[in-house]
Amino acid sequence: MLKKKITVILTLQVSKQDINISEFAGFKIVSCHDILQKFNYRSSIESHEKKLEYISEEIIHSKNNILICDLKVSITSFDTLTEMLKPHQLTINKILVPNESKRNKKLAEGQEAYRNHSRWLHFYPGEIEDIYREFEAKIKSLKTRYENTETEILEI
């Protein structure tokens, strides 16, 4: 029996509560954390590759369109997931990332927390801004990498 075609959407640092559920009617919406918990994933003893296997298993066995929230993975991990899904005729249709406004808000919150609690936080001066710039570069790289593919990168 041929598996029906499902839509696969992943989010990069977009949590379940930041998703407008009504936009994804008919989707199974699950957080990455919940998937890993279901498979009893232990980052201290299992490889990152195993984490990606668990995520791909969840997608492969989904009977409905699926939206997996709050992935905290590298760009190459998206490539690995894509390869894991190919034998099952599945693709990552969309990767949702936080829009510029949300990223700027997160930066401002981080800077505020640093100003108020720097003596308790283990960040060097400017680290918050470095993390922000690294994430901006990651999003730009993701957009470039998937520019002419079946995978669409959308800011929400």
# chains A, B, ... in the order shown; residues from 1 in each chain; ligands from 1
call {"tool": "residues_around", "arguments": {"residues": "Leu67 in chain A", "least_positions_apart": "6", "cutoff": "12 Å", "atoms": "only C-alpha atoms", "output": "PyMOL selection string"}}
result
chain A and resi 6-12+14-16+19-21+23-32+35+55+58-59+92-96
call {"tool": "residues_around", "arguments": {"residues": "Val73 in chain A", "least_positions_apart": "3", "cutoff": "9 Å", "atoms": "only C-alpha atoms", "output": "PyMOL selection string"}}
result
chain A and resi 12-13+76-78
call {"tool": "closest_residue", "arguments": {"among": "A:Lys38, A:Arg103, A:His122, A:Lys5", "to": "Ser62 in chain A", "atoms": "only C-alpha atoms"}}
result
A:Lys5
call {"tool": "atom_distance", "arguments": {"atom1": "CA of His88 in chain A", "atom2": "CA of Ser44 in chain A"}}
result
29.6 Å
call {"tool": "select_by_dssp", "arguments": {"residues": "chain A", "states": "alpha helix (DSSP H)", "output": "PDB file with N, CA, C and O atoms, in the first residue's frame"}}
result
ATOM      1  N   CYS A  32       9.567  19.295  19.272  1.00  0.00           N
ATOM      2  CA  CYS A  32      10.728  18.405  19.147  1.00  0.00           C
ATOM      3  C   CYS A  32      11.016  17.733  20.493  1.00  0.00           C
ATOM      4  O   CYS A  32      11.299  16.537  20.561  1.00  0.00           O
ATOM      5  N   HIS A  33      10.905  18.512  21.554  1.00  0.00           N
ATOM      6  CA  HIS A  33      11.149  17.988  22.905  1.00  0.00           C
ATOM      7  C   HIS A  33      10.239  16.799  23.209  1.00  0.00           C
ATOM      8  O   HIS A  33      10.679  15.791  23.764  1.00  0.00           O
ATOM      9  N   ASP A  34       8.958  16.916  22.841  1.00  0.00           N
ATOM     10  CA  ASP A  34       8.006  15.824  23.097  1.00  0.00           C
ATOM     11  C   ASP A  34       8.369  14.560  22.319  1.00  0.00           C
ATOM     12  O   ASP A  34       8.234  13.450  22.832  1.00  0.00           O
ATOM     13  N   ILE A  35       8.832  14.739  21.088  1.00  0.00           N
ATOM     14  CA  ILE A  35       9.248  13.584  20.289  1.00  0.00           C
ATOM     15  C   ILE A  35      10.421  12.881  20.957  1.00  0.00           C
ATOM     16  O   ILE A  35      10.423  11.664  21.119  1.00  0.00           O
ATOM     17  N   LEU A  36      11.407  13.674  21.350  1.00  0.00           N
ATOM     18  CA  LEU A  36      12.609  13.085  21.963  1.00  0.00           C
ATOM     19  C   LEU A  36      12.266  12.414  23.289  1.00  0.00           C
ATOM     20  O   LEU A  36      12.827  11.362  23.619  1.00  0.00           O
ATOM     21  N   GLN A  37      11.340  12.988  24.020  1.00  0.00           N
ATOM     22  CA  GLN A  37      10.897  12.388  25.281  1.00  0.00           C
ATOM     23  C   GLN A  37      10.181  11.059  25.016  1.00  0.00           C
ATOM     24  O   GLN A  37      10.397  10.080  25.728  1.00  0.00           O
ATOM     25  N   LYS A  38       9.354  11.022  23.992  1.00  0.00           N
ATOM     26  CA  LYS A  38       8.627   9.809  23.610  1.00  0.00           C
ATOM     27  C   LYS A  38       9.596   8.650  23.324  1.00  0.00           C
ATOM     28  O   LYS A  38       9.339   7.507  23.671  1.00  0.00           O
ATOM     29  N   HIS A  48      23.863  12.788  18.281  1.00  0.00           N
ATOM     30  CA  HIS A  48      22.993  13.752  17.611  1.00  0.00           C
ATOM     31  C   HIS A  48      22.297  13.064  16.437  1.00  0.00           C
ATOM     32  O   HIS A  48      21.134  13.359  16.145  1.00  0.00           O
ATOM     33  N   GLU A  49      22.983  12.152  15.788  1.00  0.00           N
ATOM     34  CA  GLU A  49      22.412  11.388  14.672  1.00  0.00           C
ATOM     35  C   GLU A  49      21.176  10.614  15.143  1.00  0.00           C
ATOM     36  O   GLU A  49      20.174  10.534  14.441  1.00  0.00           O
ATOM     37  N   LYS A  50      21.231  10.069  16.344  1.00  0.00           N
ATOM     38  CA  LYS A  50      20.094   9.324  16.905  1.00  0.00           C
ATOM     39  C   LYS A  50      18.904  10.264  17.107  1.00  0.00           C
ATOM     40  O   LYS A  50      17.758   9.904  16.844  1.00  0.00           O
ATOM     41  N   LYS A  51      19.176  11.479  17.549  1.00  0.00           N
ATOM     42  CA  LYS A  51      18.134  12.491  17.724  1.00  0.00           C
ATOM     43  C   LYS A  51      17.421  12.726  16.387  1.00  0.00           C
ATOM     44  O   LYS A  51      16.191  12.747  16.319  1.00  0.00           O
ATOM     45  N   LEU A  52      18.185  12.850  15.315  1.00  0.00           N
ATOM     46  CA  LEU A  52      17.607  13.081  13.995  1.00  0.00           C
ATOM     47  C   LEU A  52      16.827  11.851  13.520  1.00  0.00           C
ATOM     48  O   LEU A  52      15.797  11.991  12.858  1.00  0.00           O
ATOM     49  N   GLU A  53      17.306  10.663  13.873  1.00  0.00           N
ATOM     50  CA  GLU A  53      16.571   9.434  13.530  1.00  0.00           C
ATOM     51  C   GLU A  53      15.193   9.430  14.189  1.00  0.00           C
ATOM     52  O   GLU A  53      14.203   9.059  13.557  1.00  0.00           O
ATOM     53  N   TYR A  54      15.133   9.825  15.450  1.00  0.00           N
ATOM     54  CA  TYR A  54      13.849   9.859  16.160  1.00  0.00           C
ATOM     55  C   TYR A  54      12.890  10.857  15.504  1.00  0.00           C
ATOM     56  O   TYR A  54      11.699  10.581  15.345  1.00  0.00           O
ATOM     57  N   ILE A  55      13.412  12.023  15.130  1.00  0.00           N
ATOM     58  CA  ILE A  55      12.579  13.036  14.478  1.00  0.00           C
ATOM     59  C   ILE A  55      12.071  12.500  13.140  1.00  0.00           C
ATOM     60  O   ILE A  55      10.884  12.618  12.819  1.00  0.00           O
ATOM     61  N   SER A  56      12.956  11.875  12.365  1.00  0.00           N
ATOM     62  CA  SER A  56      12.544  11.345  11.061  1.00  0.00           C
ATOM     63  C   SER A  56      11.534  10.209  11.227  1.00  0.00           C
ATOM     64  O   SER A  56      10.586  10.101  10.448  1.00  0.00           O
ATOM     65  N   GLU A  57      11.696   9.377  12.245  1.00  0.00           N
ATOM     66  CA  GLU A  57      10.735   8.299  12.514  1.00  0.00           C
ATOM     67  C   GLU A  57       9.340   8.871  12.780  1.00  0.00           C
ATOM     68  O   GLU A  57       8.344   8.340  12.303  1.00  0.00           O
ATOM     69  N   GLU A  58       9.291   9.943  13.545  1.00  0.00           N
ATOM     70  CA  GLU A  58       8.007  10.591  13.844  1.00  0.00           C
ATOM     71  C   GLU A  58       7.347  11.071  12.548  1.00  0.00           C
ATOM     72  O   GLU A  58       6.145  10.910  12.351  1.00  0.00           O
ATOM     73  N   ILE A  59       8.139  11.641  11.667  1.00  0.00           N
ATOM     74  CA  ILE A  59       7.611  12.140  10.386  1.00  0.00           C
ATOM     75  C   ILE A  59       7.155  10.971   9.515  1.00  0.00           C
ATOM     76  O   ILE A  59       6.038  10.980   8.979  1.00  0.00           O
ATOM     77  N   ILE A  60       7.999   9.972   9.379  1.00  0.00           N
ATOM     78  CA  ILE A  60       7.720   8.828   8.504  1.00  0.00           C
ATOM     79  C   ILE A  60       6.440   8.105   8.920  1.00  0.00           C
ATOM     80  O   ILE A  60       5.651   7.684   8.079  1.00  0.00           O
ATOM     81  N   ILE A  75      22.204  23.595  10.389  1.00  0.00           N
ATOM     82  CA  ILE A  75      21.741  23.551   8.997  1.00  0.00           C
ATOM     83  C   ILE A  75      22.031  22.182   8.397  1.00  0.00           C
ATOM     84  O   ILE A  75      21.204  21.626   7.676  1.00  0.00           O
ATOM     85  N   THR A  76      23.170  21.626   8.712  1.00  0.00           N
ATOM     86  CA  THR A  76      23.493  20.298   8.168  1.00  0.00           C
ATOM     87  C   THR A  76      22.531  19.237   8.702  1.00  0.00           C
ATOM     88  O   THR A  76      22.298  18.234   8.040  1.00  0.00           O
ATOM     89  N   SER A  77      21.952  19.473   9.865  1.00  0.00           N
ATOM     90  CA  SER A  77      20.954  18.536  10.403  1.00  0.00           C
ATOM     91  C   SER A  77      19.697  18.531   9.538  1.00  0.00           C
ATOM     92  O   SER A  77      19.073  17.488   9.361  1.00  0.00           O
ATOM     93  N   PHE A  78      19.328  19.682   8.991  1.00  0.00           N
ATOM     94  CA  PHE A  78      18.185  19.728   8.069  1.00  0.00           C
ATOM     95  C   PHE A  78      18.503  18.905   6.819  1.00  0.00           C
ATOM     96  O   PHE A  78      17.652  18.199   6.297  1.00  0.00           O
ATOM     97  N   ASP A  79      19.756  19.004   6.359  1.00  0.00           N
ATOM     98  CA  ASP A  79      20.183  18.210   5.199  1.00  0.00           C
ATOM     99  C   ASP A  79      20.091  16.718   5.513  1.00  0.00           C
ATOM    100  O   ASP A  79      19.616  15.930   4.697  1.00  0.00           O
ATOM    101  N   THR A  80      20.534  16.344   6.701  1.00  0.00           N
ATOM    102  CA  THR A  80      20.491  14.936   7.122  1.00  0.00           C
ATOM    103  C   THR A  80      19.050  14.446   7.193  1.00  0.00           C
ATOM    104  O   THR A  80      18.735  13.351   6.716  1.00  0.00           O
ATOM    105  N   LEU A  81      18.163  15.249   7.791  1.00  0.00           N
ATOM    106  CA  LEU A  81      16.747  14.880   7.858  1.00  0.00           C
ATOM    107  C   LEU A  81      16.160  14.717   6.453  1.00  0.00           C
ATOM    108  O   LEU A  81      15.403  13.776   6.194  1.00  0.00           O
ATOM    109  N   THR A  82      16.520  15.603   5.561  1.00  0.00           N
ATOM    110  CA  THR A  82      16.050  15.518   4.171  1.00  0.00           C
ATOM    111  C   THR A  82      16.455  14.176   3.560  1.00  0.00           C
ATOM    112  O   THR A  82      15.640  13.499   2.929  1.00  0.00           O
ATOM    113  N   GLU A  83      17.708  13.781   3.774  1.00  0.00           N
ATOM    114  CA  GLU A  83      18.207  12.503   3.240  1.00  0.00           C
ATOM    115  C   GLU A  83      17.497  11.310   3.892  1.00  0.00           C
ATOM    116  O   GLU A  83      17.231  10.311   3.227  1.00  0.00           O
ATOM    117  N   MET A  84      17.204  11.409   5.172  1.00  0.00           N
ATOM    118  CA  MET A  84      16.511  10.325   5.883  1.00  0.00           C
ATOM    119  C   MET A  84      15.078  10.143   5.370  1.00  0.00           C
ATOM    120  O   MET A  84      14.543   9.036   5.392  1.00  0.00           O
ATOM    121  N   LEU A  85      14.466  11.220   4.917  1.00  0.00           N
ATOM    122  CA  LEU A  85      13.073  11.175   4.462  1.00  0.00           C
ATOM    123  C   LEU A  85      12.939  10.738   2.998  1.00  0.00           C
ATOM    124  O   LEU A  85      11.906  10.193   2.612  1.00  0.00           O
ATOM    125  N   GLU A 100      12.095  38.933  11.682  1.00  0.00           N
ATOM    126  CA  GLU A 100      13.082  39.902  12.178  1.00  0.00           C
ATOM    127  C   GLU A 100      12.608  40.581  13.461  1.00  0.00           C
ATOM    128  O   GLU A 100      13.385  40.777  14.396  1.00  0.00           O
ATOM    129  N   SER A 101      11.337  40.916  13.530  1.00  0.00           N
ATOM    130  CA  SER A 101      10.787  41.570  14.710  1.00  0.00           C
ATOM    131  C   SER A 101      10.955  40.684  15.957  1.00  0.00           C
ATOM    132  O   SER A 101      11.364  41.155  17.020  1.00  0.00           O
ATOM    133  N   LYS A 102      10.647  39.395  15.812  1.00  0.00           N
ATOM    134  CA  LYS A 102      10.790  38.460  16.943  1.00  0.00           C
ATOM    135  C   LYS A 102      12.256  38.267  17.326  1.00  0.00           C
ATOM    136  O   LYS A 102      12.591  38.164  18.505  1.00  0.00           O
ATOM    137  N   ARG A 103      13.131  38.234  16.316  1.00  0.00           N
ATOM    138  CA  ARG A 103      14.566  38.076  16.606  1.00  0.00           C
ATOM    139  C   ARG A 103      15.102  39.308  17.337  1.00  0.00           C
ATOM    140  O   ARG A 103      15.870  39.188  18.289  1.00  0.00           O
ATOM    141  N   ASN A 104      14.673  40.491  16.897  1.00  0.00           N
ATOM    142  CA  ASN A 104      15.117  41.728  17.557  1.00  0.00           C
ATOM    143  C   ASN A 104      14.596  41.804  18.987  1.00  0.00           C
ATOM    144  O   ASN A 104      15.296  42.267  19.890  1.00  0.00           O
ATOM    145  N   LYS A 105      13.359  41.346  19.186  1.00  0.00           N
ATOM    146  CA  LYS A 105      12.768  41.338  20.535  1.00  0.00           C
ATOM    147  C   LYS A 105      13.573  40.413  21.453  1.00  0.00           C
ATOM    148  O   LYS A 105      13.871  40.755  22.598  1.00  0.00           O
ATOM    149  N   LYS A 106      13.940  39.249  20.918  1.00  0.00           N
ATOM    150  CA  LYS A 106      14.726  38.298  21.716  1.00  0.00           C
ATOM    151  C   LYS A 106      16.096  38.892  22.072  1.00  0.00           C
ATOM    152  O   LYS A 106      16.583  38.731  23.186  1.00  0.00           O
ATOM    153  N   LEU A 107      16.705  39.604  21.128  1.00  0.00           N
ATOM    154  CA  LEU A 107      17.987  40.274  21.388  1.00  0.00           C
ATOM    155  C   LEU A 107      17.815  41.307  22.503  1.00  0.00           C
ATOM    156  O   LEU A 107      18.604  41.339  23.455  1.00  0.00           O
ATOM    157  N   ALA A 108      16.775  42.146  22.399  1.00  0.00           N
ATOM    158  CA  ALA A 108      16.534  43.182  23.410  1.00  0.00           C
ATOM    159  C   ALA A 108      16.304  42.556  24.786  1.00  0.00           C
ATOM    160  O   ALA A 108      16.819  43.056  25.801  1.00  0.00           O
ATOM    161  N   GLU A 109      15.542  41.466  24.835  1.00  0.00           N
ATOM    162  CA  GLU A 109      15.299  40.775  26.114  1.00  0.00           C
ATOM    163  C   GLU A 109      16.597  40.216  26.682  1.00  0.00           C
ATOM    164  O   GLU A 109      16.835  40.294  27.892  1.00  0.00           O
ATOM    165  N   GLY A 110      17.434  39.665  25.832  1.00  0.00           N
ATOM    166  CA  GLY A 110      18.719  39.132  26.277  1.00  0.00           C
ATOM    167  C   GLY A 110      19.629  40.229  26.807  1.00  0.00           C
ATOM    168  O   GLY A 110      20.295  40.063  27.832  1.00  0.00           O
ATOM    169  N   GLN A 111      19.644  41.365  26.110  1.00  0.00           N
ATOM    170  CA  GLN A 111      20.460  42.493  26.558  1.00  0.00           C
ATOM    171  C   GLN A 111      19.964  43.034  27.891  1.00  0.00           C
ATOM    172  O   GLN A 111      20.757  43.358  28.773  1.00  0.00           O
ATOM    173  N   GLU A 112      18.647  43.102  28.057  1.00  0.00           N
ATOM    174  CA  GLU A 112      18.052  43.575  29.307  1.00  0.00           C
ATOM    175  C   GLU A 112      18.406  42.631  30.460  1.00  0.00           C
ATOM    176  O   GLU A 112      18.795  43.063  31.543  1.00  0.00           O
ATOM    177  N   ALA A 113      18.279  41.334  30.209  1.00  0.00           N
ATOM    178  CA  ALA A 113      18.625  40.345  31.239  1.00  0.00           C
ATOM    179  C   ALA A 113      20.096  40.461  31.613  1.00  0.00           C
ATOM    180  O   ALA A 113      20.457  40.385  32.790  1.00  0.00           O
ATOM    181  N   TYR A 114      20.936  40.678  30.627  1.00  0.00           N
ATOM    182  CA  TYR A 114      22.379  40.813  30.898  1.00  0.00           C
ATOM    183  C   TYR A 114      22.647  42.052  31.745  1.00  0.00           C
ATOM    184  O   TYR A 114      23.393  42.003  32.715  1.00  0.00           O
ATOM    185  N   ARG A 115      21.989  43.179  31.386  1.00  0.00           N
ATOM    186  CA  ARG A 115      22.172  44.417  32.168  1.00  0.00           C
ATOM    187  C   ARG A 115      21.725  44.232  33.617  1.00  0.00           C
ATOM    188  O   ARG A 115      22.370  44.701  34.544  1.00  0.00           O
ATOM    189  N   ASN A 116      20.620  43.529  33.803  1.00  0.00           N
ATOM    190  CA  ASN A 116      20.061  43.372  35.146  1.00  0.00           C
ATOM    191  C   ASN A 116      20.718  42.276  35.972  1.00  0.00           C
ATOM    192  O   ASN A 116      20.660  42.316  37.195  1.00  0.00           O
ATOM    193  N   HIS A 117      21.315  41.294  35.302  1.00  0.00           N
ATOM    194  CA  HIS A 117      21.802  40.121  36.041  1.00  0.00           C
ATOM    195  C   HIS A 117      23.206  39.684  35.635  1.00  0.00           C
ATOM    196  O   HIS A 117      23.579  38.537  35.858  1.00  0.00           O
ATOM    197  N   GLU A 127      28.427  38.839  24.251  1.00  0.00           N
ATOM    198  CA  GLU A 127      28.067  37.477  23.841  1.00  0.00           C
ATOM    199  C   GLU A 127      26.622  37.400  23.345  1.00  0.00           C
ATOM    200  O   GLU A 127      26.334  36.693  22.380  1.00  0.00           O
ATOM    201  N   ILE A 128      25.730  38.137  23.970  1.00  0.00           N
ATOM    202  CA  ILE A 128      24.322  38.150  23.550  1.00  0.00           C
ATOM    203  C   ILE A 128      24.247  38.590  22.083  1.00  0.00           C
ATOM    204  O   ILE A 128      23.558  37.976  21.263  1.00  0.00           O
ATOM    205  N   GLU A 129      24.975  39.664  21.756  1.00  0.00           N
ATOM    206  CA  GLU A 129      24.986  40.183  20.391  1.00  0.00           C
ATOM    207  C   GLU A 129      25.625  39.179  19.427  1.00  0.00           C
ATOM    208  O   GLU A 129      25.182  39.018  18.284  1.00  0.00           O
ATOM    209  N   ASP A 130      26.671  38.474  19.894  1.00  0.00           N
ATOM    210  CA  ASP A 130      27.324  37.451  19.055  1.00  0.00           C
ATOM    211  C   ASP A 130      26.356  36.310  18.735  1.00  0.00           C
ATOM    212  O   ASP A 130      26.296  35.839  17.597  1.00  0.00           O
ATOM    213  N   ILE A 131      25.584  35.890  19.731  1.00  0.00           N
ATOM    214  CA  ILE A 131      24.595  34.817  19.537  1.00  0.00           C
ATOM    215  C   ILE A 131      23.551  35.276  18.515  1.00  0.00           C
ATOM    216  O   ILE A 131      23.166  34.521  17.624  1.00  0.00           O
ATOM    217  N   TYR A 132      23.122  36.531  18.644  1.00  0.00           N
ATOM    218  CA  TYR A 132      22.145  37.106  17.709  1.00  0.00           C
ATOM    219  C   TYR A 132      22.703  37.097  16.286  1.00  0.00           C
ATOM    220  O   TYR A 132      22.026  36.662  15.343  1.00  0.00           O
ATOM    221  N   ARG A 133      23.937  37.567  16.125  1.00  0.00           N
ATOM    222  CA  ARG A 133      24.547  37.619  14.788  1.00  0.00           C
ATOM    223  C   ARG A 133      24.714  36.215  14.203  1.00  0.00           C
ATOM    224  O   ARG A 133      24.494  35.996  13.009  1.00  0.00           O
ATOM    225  N   GLU A 134      25.079  35.250  15.043  1.00  0.00           N
ATOM    226  CA  GLU A 134      25.225  33.861  14.573  1.00  0.00           C
ATOM    227  C   GLU A 134      23.888  33.308  14.085  1.00  0.00           C
ATOM    228  O   GLU A 134      23.827  32.631  13.064  1.00  0.00           O
ATOM    229  N   PHE A 135      22.802  33.618  14.800  1.00  0.00           N
ATOM    230  CA  PHE A 135      21.485  33.137  14.391  1.00  0.00           C
ATOM    231  C   PHE A 135      21.039  33.820  13.092  1.00  0.00           C
ATOM    232  O   PHE A 135      20.476  33.176  12.208  1.00  0.00           O
ATOM    233  N   GLU A 136      21.308  35.116  12.971  1.00  0.00           N
ATOM    234  CA  GLU A 136      21.005  35.837  11.729  1.00  0.00           C
ATOM    235  C   GLU A 136      21.737  35.187  10.554  1.00  0.00           C
ATOM    236  O   GLU A 136      21.160  34.976   9.489  1.00  0.00           O
ATOM    237  N   ALA A 137      23.003  34.867  10.754  1.00  0.00           N
ATOM    238  CA  ALA A 137      23.805  34.226   9.699  1.00  0.00           C
ATOM    239  C   ALA A 137      23.261  32.838   9.374  1.00  0.00           C
ATOM    240  O   ALA A 137      23.245  32.425   8.207  1.00  0.00           O
ATOM    241  N   LYS A 138      22.799  32.127  10.396  1.00  0.00           N
ATOM    242  CA  LYS A 138      22.234  30.785  10.201  1.00  0.00           C
ATOM    243  C   LYS A 138      20.977  30.856   9.329  1.00  0.00           C
ATOM    244  O   LYS A 138      20.797  30.058   8.406  1.00  0.00           O
ATOM    245  N   ILE A 139      20.115  31.824   9.598  1.00  0.00           N
ATOM    246  CA  ILE A 139      18.891  31.987   8.815  1.00  0.00           C
ATOM    247  C   ILE A 139      19.240  32.347   7.362  1.00  0.00           C
ATOM    248  O   ILE A 139      18.684  31.776   6.423  1.00  0.00           O
ATOM    249  N   LYS A 140      20.181  33.264   7.184  1.00  0.00           N
ATOM    250  CA  LYS A 140      20.593  33.663   5.834  1.00  0.00           C
ATOM    251  C   LYS A 140      21.165  32.460   5.082  1.00  0.00           C
ATOM    252  O   LYS A 140      20.836  32.233   3.915  1.00  0.00           O
ATOM    253  N   SER A 141      21.982  31.687   5.759  1.00  0.00           N
ATOM    254  CA  SER A 141      22.590  30.499   5.155  1.00  0.00           C
ATOM    255  C   SER A 141      21.525  29.463   4.787  1.00  0.00           C
ATOM    256  O   SER A 141      21.587  28.843   3.720  1.00  0.00           O
ATOM    257  N   LEU A 142      20.552  29.292   5.664  1.00  0.00           N
ATOM    258  CA  LEU A 142      19.450  28.353   5.425  1.00  0.00           C
ATOM    259  C   LEU A 142      18.662  28.769   4.176  1.00  0.00           C
ATOM    260  O   LEU A 142      18.352  27.941   3.317  1.00  0.00           O
ATOM    261  N   LYS A 143      18.371  30.064   4.071  1.00  0.00           N
ATOM    262  CA  LYS A 143      17.638  30.580   2.906  1.00  0.00           C
ATOM    263  C   LYS A 143      18.433  30.350   1.623  1.00  0.00           C
ATOM    264  O   LYS A 143      17.873  29.946   0.605  1.00  0.00           O
ATOM    265  N   THR A 144      19.715  30.597   1.675  1.00  0.00           N
ATOM    266  CA  THR A 144      20.571  30.407   0.508  1.00  0.00           C
ATOM    267  C   THR A 144      20.651  28.938   0.121  1.00  0.00           C
ATOM    268  O   THR A 144      20.512  28.585  -1.042  1.00  0.00           O
ATOM    269  N   ARG A 145      20.854  28.081   1.100  1.00  0.00           N
ATOM    270  CA  ARG A 145      21.015  26.648   0.857  1.00  0.00           C
ATOM    271  C   ARG A 145      19.773  26.024   0.220  1.00  0.00           C
ATOM    272  O   ARG A 145      19.872  25.147  -0.618  1.00  0.00           O
TER     273      ARG A 145
END
call {"tool": "closest_residue", "arguments": {"among": "A:Leu90, A:Val97, A:Leu154, A:Leu121", "to": "Ile66 in chain A", "atoms": "only C-alpha atoms"}}
result
A:Leu90
call {"tool": "select_by_dssp", "arguments": {"residues": "chain A", "states": "strand (DSSP E)", "output": "PyMOL selection string"}}
result
chain A and resi 8-12+27-31+65-71+94-97+152-155
call {"tool": "closest_residue", "arguments": {"among": "A:Thr91, A:Ile45, A:Thr149, A:Asp18", "to": "Asn65 in chain A", "atoms": "only C-alpha atoms"}}
result
A:Thr91
call {"tool": "atom_distance", "arguments": {"atom1": "CA of Glu155 in chain A", "atom2": "CA of Ser22 in chain A"}}
result
17.1 Å
call {"tool": "decode", "arguments": {"residues": "range 38-59 of chain A", "atoms": "C-alpha atoms", "output": "CSV table (one decimal), in the first residue's frame"}}
result
chain,number,residue,atom,x,y,z
A,38,LYS,CA,8.6,9.8,23.6
A,39,PHE,CA,11.7,8.0,22.4
A,40,ASN,CA,13.5,8.4,25.7
A,41,TYR,CA,16.4,10.3,24.0
A,42,ARG,CA,19.3,11.1,26.3
A,43,SER,CA,21.7,13.6,24.8
A,44,SER,CA,24.3,12.6,27.3
A,45,ILE,CA,24.5,9.1,26.0
A,46,GLU,CA,23.0,9.1,22.5
A,47,SER,CA,24.4,10.7,19.4
A,48,HIS,CA,23.0,13.8,17.6
A,49,GLU,CA,22.4,11.4,14.7
A,50,LYS,CA,20.1,9.3,16.9
A,51,LYS,CA,18.1,12.5,17.7
A,52,LEU,CA,17.6,13.1,14.0
A,53,GLU,CA,16.6,9.4,13.5
A,54,TYR,CA,13.8,9.9,16.2
A,55,ILE,CA,12.6,13.0,14.5
A,56,SER,CA,12.5,11.3,11.1
A,57,GLU,CA,10.7,8.3,12.5
A,58,GLU,CA,8.0,10.6,13.8
A,59,ILE,CA,7.6,12.1,10.4
